[in-house]
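Trainee: Below is one structure. I have some questions about it.
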Number of protein chains: 4
Amino acid sequence: MERKQIRSELGWSTRDKIVVRGKDLPGEILGKLNLGDMAFLEIMGRVPNQKESVLFNAMAVTLVEHGITPSALAARLTYLGAPEAMQAAVAAGLCGLGSVFVGSTEGCARMLFEALQNPGSKANLPAVAKSIVEKMKKIPGLGHPVHKPIDPRTVRLFEIARETGFYGKFCELIEAVGKEKNLVVNATGAIGALACELGLDWRAVRGIGVMARAVGLVGHLLEESRQPMAEEVWFRIEEEASAHLKPKK
Amino acid sequence: MERKQIRSELGWSTRDKIVVRGKDLPGEILGKLNLGDMAFLEIMGRVPNQKESVLFNAMAVTLVEHGITPSALAARLTYLGAPEAMQAAVAAGLCGLGSVFVGSTEGCARMLFEALQNPGSKANLPAVAKSIVEKMKKIPGLGHPVHKPIDPRTVRLFEIARETGFYGKFCELIEAVGKEKNLVVNATGAIGALACELGLDWRAVRGIGVMARAVGLVGHLLEESRQPMAEEVWFRIEEEASAHLKPKK
Amino acid sequence: MERKQIRSELGWSTRDKIVVRGKDLPGEILGKLNLGDMAFLEIMGRVPNQKESVLFNAMAVTLVEHGITPSALAARLTYLGAPEAMQAAVAAGLCGLGSVFVGSTEGCARMLFEALQNPGSKANLPAVAKSIVEKMKKIPGLGHPVHKPIDPRTVRLFEIARETGFYGKFCELIEAVGKEKNLVVNATGAIGALACELGLDWRAVRGIGVMARAVGLVGHLLEESRQPMAEEVWFRIEEEASAHLKPKK
Amino acid sequence: MERKQIRSELGWSTRDKIVVRGKDLPGEILGKLNLGDMAFLEIMGRVPNQKESVLFNAMAVTLVEHGITPSALAARLTYLGAPEAMQAAVAAGLCGLGSVFVGSTEGCARMLFEALQNPGSKANLPAVAKSIVEKMKKIPGLGHPVHKPIDPRTVRLFEIARETGFYGKFCELIEAVGKEKNLVVNATGAIGALACELGLDWRAVRGIGVMARAVGLVGHLLEESRQPMAEEVWFRIEEEASAHLKPKK
């Protein structure tokens, strides 16, 4: 069979050198880039400037921690059975970041990106917003069961976007769509729009939430190791779930 | 059955507030903490000062990217089958961060932490180092197949530790142990020692590598979506692995 | 907030009893049901009869092993880093059973189920087949890069279906669709159709492949522990992927 | 760098053939082997005889379903966030099958295998049992929080072992160790011993539980799709866990 070339541009190392995205890791990265900047470098292939750094870090930080979520619970329950493999507990927690929760960042970024692809469309945002609402039954990035009528994270993220000069057409569009649907632009909607403003590939946008949640899950597992809840959750739910089946004592 | 209380200190939210570790997420965190600082807050329960921030971010950044690793390959091969679930591809990549690779940060931190637990032991580092070498056959954090006789990441991390005032007994000890074994202190050894210097719980140390690698894996998956290698890897390995079984044509 | 009841019908246990789906595990299941029958019991809520047992086991067995697949490689690469956590290596291998590979069983079952939902539609299979081909660009369960013009697994599965009396309208329909598109009905297509014949919920169909592959992955990991390939795969791919970046010696 | 050969003995396929472990999949396996037999073929490299088939299937079936376990809860919570990727929800559930729960099968098999490695040791089981109890603080396969003083699964598995002629020294040894410690031989202990009797590699023993649980988790996810509990679990636990932090209304 014909062979294709296998190539990666991300990094390489030799005996005394480690290079990531063309930069010397010890000499040009360590001590200079923070973890969010490094994520930007991975995704964009270049170091962010100061304003990009502030905005991108804020986007990632937004998604780190939101208390006891299904993802955090899954990680904690996994850790209960395999405390020697905390990486697998983080992995278990990440597996649930799909279409329902964090995945909506990707859906929103893609929707906005595609809606404003041809330059003319930027001229007439209300019409574009209307057409989105007409076409899509469920719009990613809108609505929240708890944070309504406003999501305080969106307010702050758009404020940071204005301060750093990144509040633009994509932000306006998602706000217009939200108004049209009478739904709050939630944090994943704001992050989807800001990812477009920064020029991120929509295919990488879900990844921002995934890496952020990995950070948060480490926090949950450390807490679980000190102040556990997983076993108690298990006992309670097991008892309740099977009570109707068990013989009465 | 008696019920235990279920409590978490990490965060909470109401309609208009989101609080993480006692701090208002929109007001006190977004735009102020970078992603590494946020990880520090999750693990330590407090915001790092400027020096802690520099050191901790450098530790995490060190482990983000190291080119085509087994973990990156596993993630890319997973993405090939389920591109709609990139969170699961990141999870697959994380599952391999066990005893052989990233897990050694934890082993090293634990070893150093336990060795210097009672204050007297700090007085006589060479003796402590000798006793470690005598007791343990394989010492986590030492040796590297490629980066020898020095690991350039360790050099730089300890330099940053000196600049920020965190080069201390734990760093000295791992260096003494390395000298005793005539093995390089690798990046995971340096990070294990620095985690002790920062006062991190050894149970959270593997987590630094896990979150860092989650960042790097997102980079790999984005590259895989644009410049794929997984299918070619599969075809080649499949062909070679089964060649001796297949009927000769 | 209003509380909903939490209930599960799958199983319960007390000090001296373990009951699964209403059957006493030690007394009525162990030694009587094989692993495929047990899977049938889990999914259908009842023990299969002899013919169902043969067909369902054949469907599951079909998907256990297909040599070095991306999923097997991901599991092996994960095991290389965390041999102490083989459950996580299996998990990593399963994460890739998405839309591209095994997930097509689900897609096919759903497509067939929905197409033949109203009884009238069963009368005119060629018309239904045409309408499927017109509506769907890519039809799940059709085509194979290697097994063409026929997939020998499909031939055999449909033979078993005929022997057990389960070759029916769903099988006919997928064959009609395959003929219409001039594409082979692959094993996932056959399994999708047979799942419909057995009355399985399409939501459980991907699960047949997932459980089957879990069996196969255990085989791969045992082989990897004795006759490893993951490290060699890593070394080769890493070298080739970064060769264009590294300084010429 | 020198290249090593990459070889796998598990399977291969060409245009019109699919062969697993030397057997033609359509012709010699489908319709003849059940799912447990196929697992035996994967692990042992040969088809089980009738007695091995009964015993091995019973061992695997034992571990399929045990109601609402931490593993089942983790899978359900993952499914809540990513219902489009049920493979990842199964994977999340498997990640917790570590040292605390299912992993003890492996620990037990290894312990028994190593204790009876040299033929002389089989002569004096009570002495071997004593020496195990002296050496190990926590003995894998003994004790159960609910099933005591006997685990009904163990009773039945050893009964099947007697019927099939596989009750031997390894079973006797684990029973002697249990008596010595005054603890019940639980199902994982019985399975560990029986794995030794069948000549399974201890490295594959955890895999029996992993594959079995994959089967059970599919059952849980199907139930979750029809009769969900994950969201309710999440709401309740989140509310309770953060109640002490939230401002009083």
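Identifiers in this document derive from the order of the structure tokens: chains are assigned A, B, ..., residues are numbered from 1 separately in each chain, and ligands are numbered from 1 in order of occurrence.
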Would you please extract all helix (DSSP H, G or I) residues from segment 63-243 of chain B, as assigned by DSSP on the backbone, and give them as a VMD selection string?
Mentor: chain B and resid 70 to 81 86 to 94 104 to 115 119 to 123 125 to 135 152 to 163 169 to 181 187 to 197 202 to 226 230 to 242
Trainee: Please identify every residue of chain D that has at least one atom no farther than 8 Å from an atom of chain B, counting only C-alpha atoms, and for each give the shortest atom pair and the distance in Å to one decimal, arranged by chain then increasing number, as a Markdown table.
Mentor:
| residue | atom | partner | partner_atom | distance |
| --- | --- | --- | --- | --- |
| D:Ile6 | CA | B:Ala241 | CA | 5.1 |
| D:Arg7 | CA | B:Ala241 | CA | 3.9 |
| D:Ser8 | CA | B:Ala241 | CA | 5.1 |
| D:Glu9 | CA | B:Ser242 | CA | 7.1 |
| D:Gly11 | CA | B:Ser242 | CA | 7.2 |
| D:Trp12 | CA | B:Ser242 | CA | 5.8 |
| D:Ser13 | CA | B:Lys246 | CA | 7.6 |
| D:Thr14 | CA | B:Lys246 | CA | 7.9 |
| D:Ala85 | CA | B:Ala85 | CA | 6.7 |
| D:Ala88 | CA | B:Ala88 | CA | 6.1 |
| D:Ile237 | CA | B:Ile6 | CA | 7.3 |
| D:Glu240 | CA | B:Ile6 | CA | 6.3 |
| D:Ala241 | CA | B:Arg7 | CA | 3.9 |
| D:Ser242 | CA | B:Trp12 | CA | 5.8 |
| D:His244 | CA | B:Arg7 | CA | 7.8 |
| D:Leu245 | CA | B:Trp12 | CA | 7.0 |
| D:Lys246 | CA | B:Trp12 | CA | 6.7 |
Trainee: Would you list the contacts of Gly96 of chain D as a ChimeraX atom specification, taking every protein, DNA or RNA residue within 7 Å and counting only C-alpha atoms, but skipping same-chain residues closer than 4 positions in sequence?
Mentor: /A:78-79,81-82 /D:71
Trainee: Take the residues from that selection and put them in a file with C-alpha atoms, as a compact mmCIF listing (two decimals), in the first residue's frame.
Mentor:
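Ended up saving to part-v4.txt:
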# COMPACT_ATOMS: atom_id res chain seq x y z
CA THR A 78 -14.09 6.70 39.81
CA TYR A 79 -11.40 7.73 42.26
CA GLY A 81 -12.51 2.54 43.08
CA ALA A 82 -9.07 3.36 41.71
CA SER D 71 -18.90 2.50 38.41
Trainee: Kindly assemble as JSON lines a list of the segment 66-179 of chain C residues that lie within 12 Å of segment 45-57 of chain C, each paired with its nearest atom pair and their distance in Å to one decimal, using only C-alpha atoms, sorted first by chain and then by ascending residue number.
Mentor:
{"residue": "C:Arg156", "atom": "CA", "partner": "C:Leu55", "partner_atom": "CA", "distance": 10.7}
{"residue": "C:Leu157", "atom": "CA", "partner": "C:Leu55", "partner_atom": "CA", "distance": 7.8}
{"residue": "C:Phe158", "atom": "CA", "partner": "C:Leu55", "partner_atom": "CA", "distance": 9.5}
{"residue": "C:Glu159", "atom": "CA", "partner": "C:Leu55", "partner_atom": "CA", "distance": 10.0}
{"residue": "C:Ile160", "atom": "CA", "partner": "C:Leu55", "partner_atom": "CA", "distance": 6.5}
{"residue": "C:Ala161", "atom": "CA", "partner": "C:Leu55", "partner_atom": "CA", "distance": 6.5}
{"residue": "C:Arg162", "atom": "CA", "partner": "C:Leu55", "partner_atom": "CA", "distance": 9.8}
{"residue": "C:Glu163", "atom": "CA", "partner": "C:Lys51", "partner_atom": "CA", "distance": 8.6}
{"residue": "C:Thr164", "atom": "CA", "partner": "C:Lys51", "partner_atom": "CA", "distance": 5.3}
{"residue": "C:Gly165", "atom": "CA", "partner": "C:Lys51", "partner_atom": "CA", "distance": 7.9}
{"residue": "C:Phe166", "atom": "CA", "partner": "C:Leu55", "partner_atom": "CA", "distance": 8.3}
{"residue": "C:Tyr167", "atom": "CA", "partner": "C:Leu55", "partner_atom": "CA", "distance": 10.5}
Trainee: Neighbouring residues of Glu134 of chain C were defined as those with any atom within 12 Å, considering only C-alpha atoms; residues of the same chain fewer than 5 positions away were excluded. Please report them as a ChimeraX atom specification.
Mentor: /C:127-129,139,177,180-181
Trainee: Next, dump the selected residues to file, keeping only N, CA, C and O atoms, as a compact mmCIF listing (two decimals), in the first residue's frame.
Mentor:
# COMPACT_ATOMS: atom_id res chain seq x y z
N ALA C 127 -39.34 0.68 -2.19
CA ALA C 127 -39.62 2.11 -2.10
C ALA C 127 -38.97 2.71 -0.86
O ALA C 127 -38.39 3.80 -0.90
N VAL C 128 -39.05 1.98 0.26
CA VAL C 128 -38.42 2.48 1.48
C VAL C 128 -36.91 2.60 1.28
O VAL C 128 -36.28 3.58 1.68
N ALA C 129 -36.32 1.58 0.64
CA ALA C 129 -34.88 1.61 0.38
C ALA C 129 -34.51 2.82 -0.46
O ALA C 129 -33.55 3.54 -0.16
N ILE C 139 -24.66 6.29 4.35
CA ILE C 139 -25.57 5.34 4.99
C ILE C 139 -24.79 4.42 5.93
O ILE C 139 -23.88 3.71 5.50
N VAL C 177 -31.10 -1.65 0.47
CA VAL C 177 -30.40 -0.36 0.45
C VAL C 177 -28.99 -0.54 -0.10
O VAL C 177 -28.49 0.27 -0.89
N GLU C 180 -29.15 -0.91 -3.81
CA GLU C 180 -29.45 0.41 -4.39
C GLU C 180 -28.18 1.27 -4.49
O GLU C 180 -27.98 1.97 -5.48
N LYS C 181 -27.36 1.21 -3.46
CA LYS C 181 -26.13 2.03 -3.43
C LYS C 181 -24.94 1.29 -4.05
O LYS C 181 -23.85 1.85 -4.15
Trainee: Neighbouring residues of Phe170 of chain D were defined as those with any atom within 7 Å, considering only C-alpha atoms; residues of the same chain fewer than 2 positions away were excluded. Please report them as a PDB file with N, CA and C atoms, in the first residue's frame.
Mentor:
ATOM      1  N   LEU D 112      -2.175 -16.134  44.793  1.00  0.00           N
ATOM      2  CA  LEU D 112      -2.306 -17.597  44.832  1.00  0.00           C
ATOM      3  C   LEU D 112      -1.321 -18.250  43.866  1.00  0.00           C
ATOM      4  N   GLY D 168      -9.668 -27.074  42.910  1.00  0.00           N
ATOM      5  CA  GLY D 168      -8.361 -27.639  43.200  1.00  0.00           C
ATOM      6  C   GLY D 168      -7.614 -26.869  44.270  1.00  0.00           C
ATOM      7  N   GLU D 172      -8.712 -24.377  47.365  1.00  0.00           N
ATOM      8  CA  GLU D 172      -8.467 -24.773  48.760  1.00  0.00           C
ATOM      9  C   GLU D 172      -7.639 -23.736  49.495  1.00  0.00           C
ATOM     10  N   LEU D 173      -6.651 -23.197  48.803  1.00  0.00           N
ATOM     11  CA  LEU D 173      -5.760 -22.238  49.463  1.00  0.00           C
ATOM     12  C   LEU D 173      -6.504 -20.968  49.852  1.00  0.00           C
ATOM     13  N   ILE D 174      -7.293 -20.415  48.924  1.00  0.00           N
ATOM     14  CA  ILE D 174      -7.979 -19.167  49.287  1.00  0.00           C
ATOM     15  C   ILE D 174      -8.983 -19.434  50.411  1.00  0.00           C
ATOM     16  N   ALA D 193      -9.110 -17.372  42.330  1.00  0.00           N
ATOM     17  CA  ALA D 193      -8.677 -18.763  42.487  1.00  0.00           C
ATOM     18  C   ALA D 193      -9.027 -19.596  41.260  1.00  0.00           C
ATOM     19  N   CYS D 196      -6.771 -19.177  38.376  1.00  0.00           N
ATOM     20  CA  CYS D 196      -5.549 -19.990  38.514  1.00  0.00           C
ATOM     21  C   CYS D 196      -5.830 -21.441  38.128  1.00  0.00           C
ATOM     22  N   GLU D 197      -6.948 -21.951  38.553  1.00  0.00           N
ATOM     23  CA  GLU D 197      -7.281 -23.348  38.224  1.00  0.00           C
ATOM     24  C   GLU D 197      -7.369 -23.544  36.711  1.00  0.00           C
TER      25      GLU D 197
END
Trainee: Find the residue from B:Ile43, B:Ala58, B:Leu125, B:Leu116 that sits nearest to Arg203 of chain B; use only C-alpha atoms when measuring.
Mentor: B:Ile43
Trainee: Distance atom CA of Leu221 of chain A-atom CA of Met211 of chain B, one decimal place?
Mentor: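 So the answer is 12.3 Å.
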